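Working notes, beginning with the structure itself.
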Amino acid sequence: MAAPCPEDPSLERHFKGHRDAITSVDFSLNTKQLASGSMDSCLMVWHMKPQSRAYRFAGHKDAVTCVNFSPSGHLLASGSRDKTVRIWIPNVKGESTVFRAHTATVRSVHFCSDGQSLVTASDDKTVKVWSTHRQKFLFSLSQHINWVRCARFSPDGRLIVSASDDKTVKLWDKTSRECVHSYCEHGGFVTYVDFHPSGTCIAAASMDNTVKVWDVRTHRLLQHYQLHSAAVNALSFHPSGNYLLTASSDSTLKILDLMEGRLLYTLHGHQVMVWKSNFDVVDYREVIKVHRPPAPLATSGNLPEVDFPVPPGGGRSQESVQSQLQEPISMPQTLTSTLEHIVGQLDVLTQTVSILEQRLTLTEDKLKQCLENQQLIMQRTTP
């Protein structure tokens with residue numbers, strides 16, 4: 001029987017429950033929970049186990065624009081068009097603490113790696129830093145001249161990066177509270193920014209349809225991707241640091257290979273979906289036997305050479321809001337069977353990434369061996 005022809009990473013779960021458009025999602029590796037925010041003013045927390053309950057948290061007075069789990073997964077932050085930030089305990093009680101200091105819509109919330117600080121970005125043109133332990137506002141960063149759509153801590157917590165409708169990305173020193181550098185290469189509003197897991201690079205998405213990657217040490221533009229046909233709204237690095245996932249208004253997700261500077265896959269989906277990939281699996285000898293590696297895909301154009309390091313394996317008020325339990329979410333049997341069939345056909349595609357990596361490693365080893373042999377020959381022929 002012919003082996004299946006892979007095309008895309010496979011769809012693993014499909015969540016449905018919000019009453020309006022979904023604005024944001026985040027996933028906790030520690031608790032295996034998915035959080036989503038919506039224009040319906042609610043958050044939902046989903047457990048990854050099939051048939052498990054989804055919890056709906058009500059408390060914001062307007063659309064929820066952003067959500068983020070703390071590193072431990074025991075806290076969940078949300079920002080809203082009601083100008084507030086809330087810190088939730090994502091359990092059946094759904095208790096939350098309200099932070100008030102912003103004077104406009106809160107667009108972004110992000111915990112520091114130690115879980116002790118929270119950085120937020122807002123349409124009031126400021127970035128604000130809060131203490132989650134003491135539950136209070138600490139300070140503002142105020143050099144942007146238009147709405148700030150996103151702010152993120154560096155992995156070590158020493159730096160903050162922010163993206164704005166003033167078309168700039170700004171790098172801040174958390175201790176001195178000074179702007180270290182402004183990146184001005186984007187031609188449109190900058191919608192999203194994040195740090196590479198190593199902390200040495202940042203990637204930014206823009207309404208000019210592009211994604212750019214900079215080195216935060218030299219401030220040099222490393223890579224430039226123009227692969228989407230509409231605004232790029234969000235991005236996320238794979239934990240290995242080798243891949244970048246981008247989401248666009250063109251209704252696609254794209255997976256970029258940062259080591260080679262090219263597009264790997266394009267995913268099509270809607271609502272809240274969880275896609276399965278096997279980027280961390282190494283052994284593909286069985287796959288190699290029945291599958292050819294995919295043909296070269298479209299690249300981003302002329303890219304500078306880049307060496308991406310691979311990392312080792314205001315005031316507040318208190319409110320308690322009772323969560324509303326959502327009934328277990330199940331899928332019709334026909335849909336389940338269809339998805340299982342799709343999984344069976346498409347699961348292998350994501351595995352080919354490691355095949356490419358293994359081929360590259362073999363090529364590098366052969367090149368190194370050739371160079372060593374050439375040096376030996378030259379040493380022997382030298383009088």
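So you can find residues: chains in the structure tokens are A, B, ... in the order shown, residues in each start at 1, and ligands are numbered from 1 in order.
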Compile a residue-level contact table for segment 216-261 of chain A against segment 201-206 of chain A at a cut-off of 7 Å, reporting for every qualifying residue the shortest atom pair and its distance in Å to one decimal, with only C-alpha atoms counted, rows ordered by chain and ascending number, as CSV.
```
residue,atom,partner,partner_atom,distance
A:Val216,CA,A:Cys201,CA,5.3
A:Ala231,CA,A:Ser206,CA,6.2
A:Val232,CA,A:Ser206,CA,5.4
A:Asn233,CA,A:Ala205,CA,6.4
A:Ala234,CA,A:Ala205,CA,6.3
A:Leu235,CA,A:Ala205,CA,6.9
```
Using the selection just defined, write its residues with C-alpha atoms as a CSV table (one decimal), in the first residue's frame.
```csv
chain,number,residue,atom,x,y,z
A,216,VAL,CA,19.7,42.6,20.7
A,231,ALA,CA,-0.9,41.8,8.3
A,232,VAL,CA,1.1,39.5,10.7
A,233,ASN,CA,-0.7,39.6,14.0
A,234,ALA,CA,1.4,37.3,16.3
A,235,LEU,CA,4.4,35.1,16.4
```
List the spatial neighbours of Val119 of chain A as a VMD selection string - criterion: any atom at most 9 Å away, only C-alpha atoms, same-chain residues fewer than 3 positions off excluded. chain A and resid 108 to 112 127 to 130 151 to 153 160
Would you compute the distance between atom CA of Leu159 of chain A and atom CA of Ser28 of chain A? Give it in Å to one decimal.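 Value for the atom CA of Leu159 of chain A-atom CA of Ser28 of chain A distance: 22.5 Å.
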Could you state the separation of atom CA of Asp124 of chain A and atom CA of Thr97 of chain A in Å, given to one decimal place?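 The value is 21.4 Å.
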Calculated over only C-alpha atoms, which of the candidates A:Leu264, A:Val169, A:Leu141, A:Leu371 has the smallest distance to Thr246 of chain A?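 When distances to Thr246 of chain A are compared using only C-alpha atoms, the smallest one comes from A:Leu264.
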